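Asks: For reference, the structure I am asking about is given below.
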Amino acid sequence: MLFLQFTILTFVTVTATAVVLTRDPAKQAIGISFYGLVMALMFFIFQAPDVALSQIVIGAVALPLMILLALTKIRRHEEEQRERKEKKSA
Amino acid sequence: MIFFLLSAAVFGGVYLWGLKGLPPMGHYRGPYGDVLNQVATYERHVTDIVTAVNFDYRGFDTLGEEFILFMSVVGGTVLLRRQREEEKSEHKDQALSDESPERQAPEPSDATRVLTLGLVGPLVVFGLYMVAHGQLTPGGGFQGGVILATAPLLVYLGGDLKKFKQITSHTLVEVAEAAGAGGYLAIGFAGLILGGAYLRNVAALGRTGMINSGGTIALINLATGLEVAAGFVLLLYAFLEQTLEIRLRGGK
């Protein structure tokens, strides 16, 4: 059991560092999804299944999705504003 | 750099000092957890003590948390509403894709479709099970609600925004959201009306291990499940609409 706990804690540390070191936001969203999954596993191993169940859906699905949608919106917004300016100057 | 080293040293010192004061792993010091583990099953006829704590012993705190979620959903939808200089994309085919053909999102593959559609049914059943068995097994209204909310998301992933809108009704989800949040409040008032404290467990406790055990714990679980599921679908709706359909006026 202790070995399992030690392994999963190491894994959490590694994935968390990887998320921080990723610079591209889109890739980061995928990374944070994997990190959420590892966190859920950690909660499960530390005997907190209630928390693990919330974490797995929120951390691995909802949060990355909202980040990705927000990124898409920002890019789209920038494109539209550029188009608008071009139209005005033309 | 010198500031970083200085603050890192201070942080490291305080952190280690704090670590030294922690009890060894697996050795819980406080009295409440042990007491509750002894008495909760006897007092409330439930087998999942975590749910009993969340929805009964500290039900008032959870009510506050519930309204944090409620308010963030309201805030999110207000922020993502269509604003004066924005409009819904007019062209039907354009509404679901980018303007330039090379940036169009590819159609979901057959494998994705089969997998997502196959998962929708089991997910809904599992979510309902989670909500209904909160007092018996790990999980409960919140976890079950979130799982339920991922079902329409899967439909969007396997299909498109149109399919997502076909299976969710915005009005219905709004009503469910309000009913869930209000239901929690109302169940609390039942305790007051019957001559006790707010959120007192006044319903019949039932037999331990049965699905109708736990009294108001089970009822609050249902209300929470409704609120959380509806809240997340509402947020998804707002996000997807804002991202895929709404654009600046006169953009194209």
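Chain labels follow the order of the structure tokens: the first chain is A, the next B, and so on; residue numbering restarts at 1 in every chain, and ligands are counted from 1 in their shown order.
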Please list as a ChimeraX atom specification every residue within 12 Å of Arg58 (chain B), counting only C-alpha atoms and excluding residues in the same chain fewer than 5 positions away.

Replies: /B:36,49-53,63-65,198-201,217

Asks: Output the contact residues of chain B with respect to chain A at a cut-off of 6 Å, based on only C-alpha atoms, as number ranges by chain.

Replies: B: 138-139, 143, 243, 251

Asks: So that I can check the surroundings of Leu219 (chain B), please list as a PyMOL selection string every protein, DNA and RNA residue that reaches within 10 Å of it, counting only C-alpha atoms and ignoring chain neighbours fewer than 5 positions away.

Replies: chain B and resi 55+131-132+141+183-184+187+203+212-214+224-225

Asks: Would you put the residues from that selection into a file with N, CA and C atoms, as an mmCIF file, in the first residue's frame?

Replies:
```cif
data_model
loop_
_atom_site.group_PDB
_atom_site.id
_atom_site.type_symbol
_atom_site.label_atom_id
_atom_site.label_comp_id
_atom_site.auth_asym_id
_atom_site.auth_seq_id
_atom_site.Cartn_x
_atom_site.Cartn_y
_atom_site.Cartn_z
ATOM 1 N N PHE B 55 -24.523 16.257 3.863
ATOM 2 C CA PHE B 55 -25.911 16.664 3.670
ATOM 3 C C PHE B 55 -26.726 16.660 4.947
ATOM 4 N N VAL B 131 -26.631 9.310 -8.048
ATOM 5 C CA VAL B 131 -27.476 10.252 -7.310
ATOM 6 C C VAL B 131 -28.343 9.501 -6.304
ATOM 7 N N ALA B 132 -28.918 8.376 -6.737
ATOM 8 C CA ALA B 132 -29.889 7.684 -5.894
ATOM 9 C C ALA B 132 -29.227 6.917 -4.750
ATOM 10 N N GLY B 141 -25.179 13.334 -4.865
ATOM 11 C CA GLY B 141 -25.797 14.293 -5.778
ATOM 12 C C GLY B 141 -24.805 15.008 -6.661
ATOM 13 N N GLY B 183 -35.016 23.404 -4.156
ATOM 14 C CA GLY B 183 -35.424 22.210 -3.444
ATOM 15 C C GLY B 183 -34.617 21.993 -2.177
ATOM 16 N N TYR B 184 -33.320 22.224 -2.277
ATOM 17 C CA TYR B 184 -32.446 22.098 -1.092
ATOM 18 C C TYR B 184 -32.931 23.039 0.010
ATOM 19 N N ILE B 187 -36.268 21.807 1.493
ATOM 20 C CA ILE B 187 -36.125 20.666 2.400
ATOM 21 C C ILE B 187 -35.615 21.142 3.755
ATOM 22 N N ALA B 203 -37.400 13.554 7.734
ATOM 23 C CA ALA B 203 -38.089 12.498 6.997
ATOM 24 C C ALA B 203 -37.828 11.147 7.658
ATOM 25 N N ASN B 212 -34.169 3.874 0.147
ATOM 26 C CA ASN B 212 -34.955 4.979 0.711
ATOM 27 C C ASN B 212 -34.520 5.319 2.134
ATOM 28 N N SER B 213 -33.326 4.882 2.533
ATOM 29 C CA SER B 213 -32.872 5.192 3.883
ATOM 30 C C SER B 213 -32.240 6.580 3.927
ATOM 31 N N GLY B 214 -32.032 7.071 5.136
ATOM 32 C CA GLY B 214 -31.317 8.332 5.279
ATOM 33 C C GLY B 214 -32.191 9.554 5.429
ATOM 34 N N THR B 224 -29.704 18.052 -5.163
ATOM 35 C CA THR B 224 -28.367 18.445 -5.582
ATOM 36 C C THR B 224 -28.024 17.882 -6.949
ATOM 37 N N GLY B 225 -28.389 16.605 -7.168
ATOM 38 C CA GLY B 225 -28.124 15.994 -8.460
ATOM 39 C C GLY B 225 -28.769 16.772 -9.586
#
```

Asks: What does the distance between CA of Asp56 (chain B) and CA of Phe142 (chain B) come to in Å, to one decimal place?

Replies: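 Between CA of Asp56 (chain B) and CA of Phe142 (chain B) the gap is 14.7 Å.
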
Asks: Taking the chain letters and numbering used in this document, name the residues of region 127-182 of chain B that DSSP puts in alpha helix (DSSP H), as an MDAnalysis selection string.

Replies: chainID B and resid 127:132 141:158 161:167 170:182

Asks: Tell me, in Å to one decimal, how far CA of Val46 (chain B) is from CA of Ile211 (chain B).

Replies: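 Those two atoms sit 9.7 Å apart.
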
Asks: Which residue, B:Leu115, B:Ile147, B:Leu69, B:Met1, has the smallest gap to Met130 (chain B) when you use only C-alpha atoms?

Replies: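 The answer is B:Ile147, which sits nearest to Met130 (chain B).
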
Asks: Pick out the residues sitting within 7 Å of region 12-21 of chain A, and hand them over as a PDB file with N, CA and C atoms, in the first residue's frame; count only C-alpha atoms, and ignore anything fewer than 6 positions along from it in its own chain.

Replies:
```pdb
ATOM      1  N   GLN A  28      -1.505  22.358 -23.161  1.00  0.00           N
ATOM      2  CA  GLN A  28      -1.627  22.365 -21.717  1.00  0.00           C
ATOM      3  C   GLN A  28      -2.988  21.818 -21.273  1.00  0.00           C
ATOM      4  N   GLY A  31      -2.774  18.206 -21.310  1.00  0.00           N
ATOM      5  CA  GLY A  31      -1.949  17.776 -20.184  1.00  0.00           C
ATOM      6  C   GLY A  31      -2.698  17.825 -18.873  1.00  0.00           C
ATOM      7  N   ILE A  32      -3.493  18.900 -18.701  1.00  0.00           N
ATOM      8  CA  ILE A  32      -4.203  19.058 -17.429  1.00  0.00           C
ATOM      9  C   ILE A  32      -5.289  17.993 -17.299  1.00  0.00           C
ATOM     10  N   TYR A  35      -3.458  15.052 -16.025  1.00  0.00           N
ATOM     11  CA  TYR A  35      -3.147  15.351 -14.622  1.00  0.00           C
ATOM     12  C   TYR A  35      -4.384  15.125 -13.743  1.00  0.00           C
ATOM     13  N   VAL A  38      -4.789  11.459 -13.118  1.00  0.00           N
ATOM     14  CA  VAL A  38      -3.825  10.966 -12.128  1.00  0.00           C
ATOM     15  C   VAL A  38      -4.241  11.385 -10.719  1.00  0.00           C
ATOM     16  N   MET A  39      -4.733  12.628 -10.602  1.00  0.00           N
ATOM     17  CA  MET A  39      -5.207  13.106  -9.300  1.00  0.00           C
ATOM     18  C   MET A  39      -6.354  12.238  -8.785  1.00  0.00           C
TER      19      MET A  39
END
```

Asks: Which residues are close to Gly118 (chain B), i.e. within 12 Å by only C-alpha atoms, leaving aside same-chain residues fewer than 4 positions away? Reply as an NGL selection string.

Replies: :B and (110-114 or 122-124 or 151 or 154-155 or 158)

Asks: For Met71 (chain B), list every protein, DNA or RNA residue within 12 Å, evaluated using only C-alpha atoms, and leave out those in the same chain fewer than 4 positions away; present the list as a CSV table (one decimal) with N, CA and C atoms, in the first residue's frame.

Replies:
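Just written: result19.csv:
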```csv
chain,number,residue,atom,x,y,z
B,64,GLY,N,-24.4,26.4,1.4
B,64,GLY,CA,-23.6,27.5,0.9
B,64,GLY,C,-22.8,27.1,-0.4
B,65,GLU,N,-22.2,26.0,-0.3
B,65,GLU,CA,-21.4,25.5,-1.5
B,65,GLU,C,-22.3,25.3,-2.7
B,66,GLU,N,-23.5,24.8,-2.5
B,66,GLU,CA,-24.4,24.7,-3.5
B,66,GLU,C,-24.7,26.0,-4.2
B,67,PHE,N,-24.8,27.0,-3.4
B,67,PHE,CA,-25.1,28.3,-4.0
B,67,PHE,C,-23.9,29.0,-4.6
B,75,GLY,N,-23.4,33.5,-13.2
B,75,GLY,CA,-22.4,34.5,-13.6
B,75,GLY,C,-21.8,34.1,-15.0
B,76,GLY,N,-21.5,32.8,-15.2
B,76,GLY,CA,-21.0,32.3,-16.4
B,76,GLY,C,-21.9,32.6,-17.6
B,77,THR,N,-23.2,32.3,-17.4
B,77,THR,CA,-24.2,32.5,-18.5
B,77,THR,C,-24.4,34.0,-18.7
B,78,VAL,N,-24.3,34.8,-17.7
B,78,VAL,CA,-24.4,36.3,-17.9
B,78,VAL,C,-23.3,36.8,-18.7
B,177,GLU,N,-32.5,23.7,-12.9
B,177,GLU,CA,-31.4,24.3,-12.1
B,177,GLU,C,-32.0,25.0,-10.9
B,178,ALA,N,-33.1,25.8,-11.2
B,178,ALA,CA,-33.7,26.6,-10.1
B,178,ALA,C,-34.4,25.7,-9.2
B,181,ALA,N,-31.8,23.9,-6.8
B,181,ALA,CA,-31.3,24.8,-5.8
B,181,ALA,C,-32.4,25.2,-4.8
B,227,GLU,N,-29.7,19.9,-9.5
B,227,GLU,CA,-29.1,21.3,-9.7
B,227,GLU,C,-27.7,21.2,-10.4
B,228,VAL,N,-26.9,20.3,-10.0
B,228,VAL,CA,-25.6,20.2,-10.5
B,228,VAL,C,-25.6,19.8,-12.0
B,231,GLY,N,-27.0,22.7,-13.9
B,231,GLY,CA,-26.0,23.8,-14.0
B,231,GLY,C,-24.9,23.6,-15.0
B,235,LEU,N,-24.0,25.6,-18.4
B,235,LEU,CA,-22.7,26.2,-18.7
B,235,LEU,C,-22.2,25.7,-20.1
```
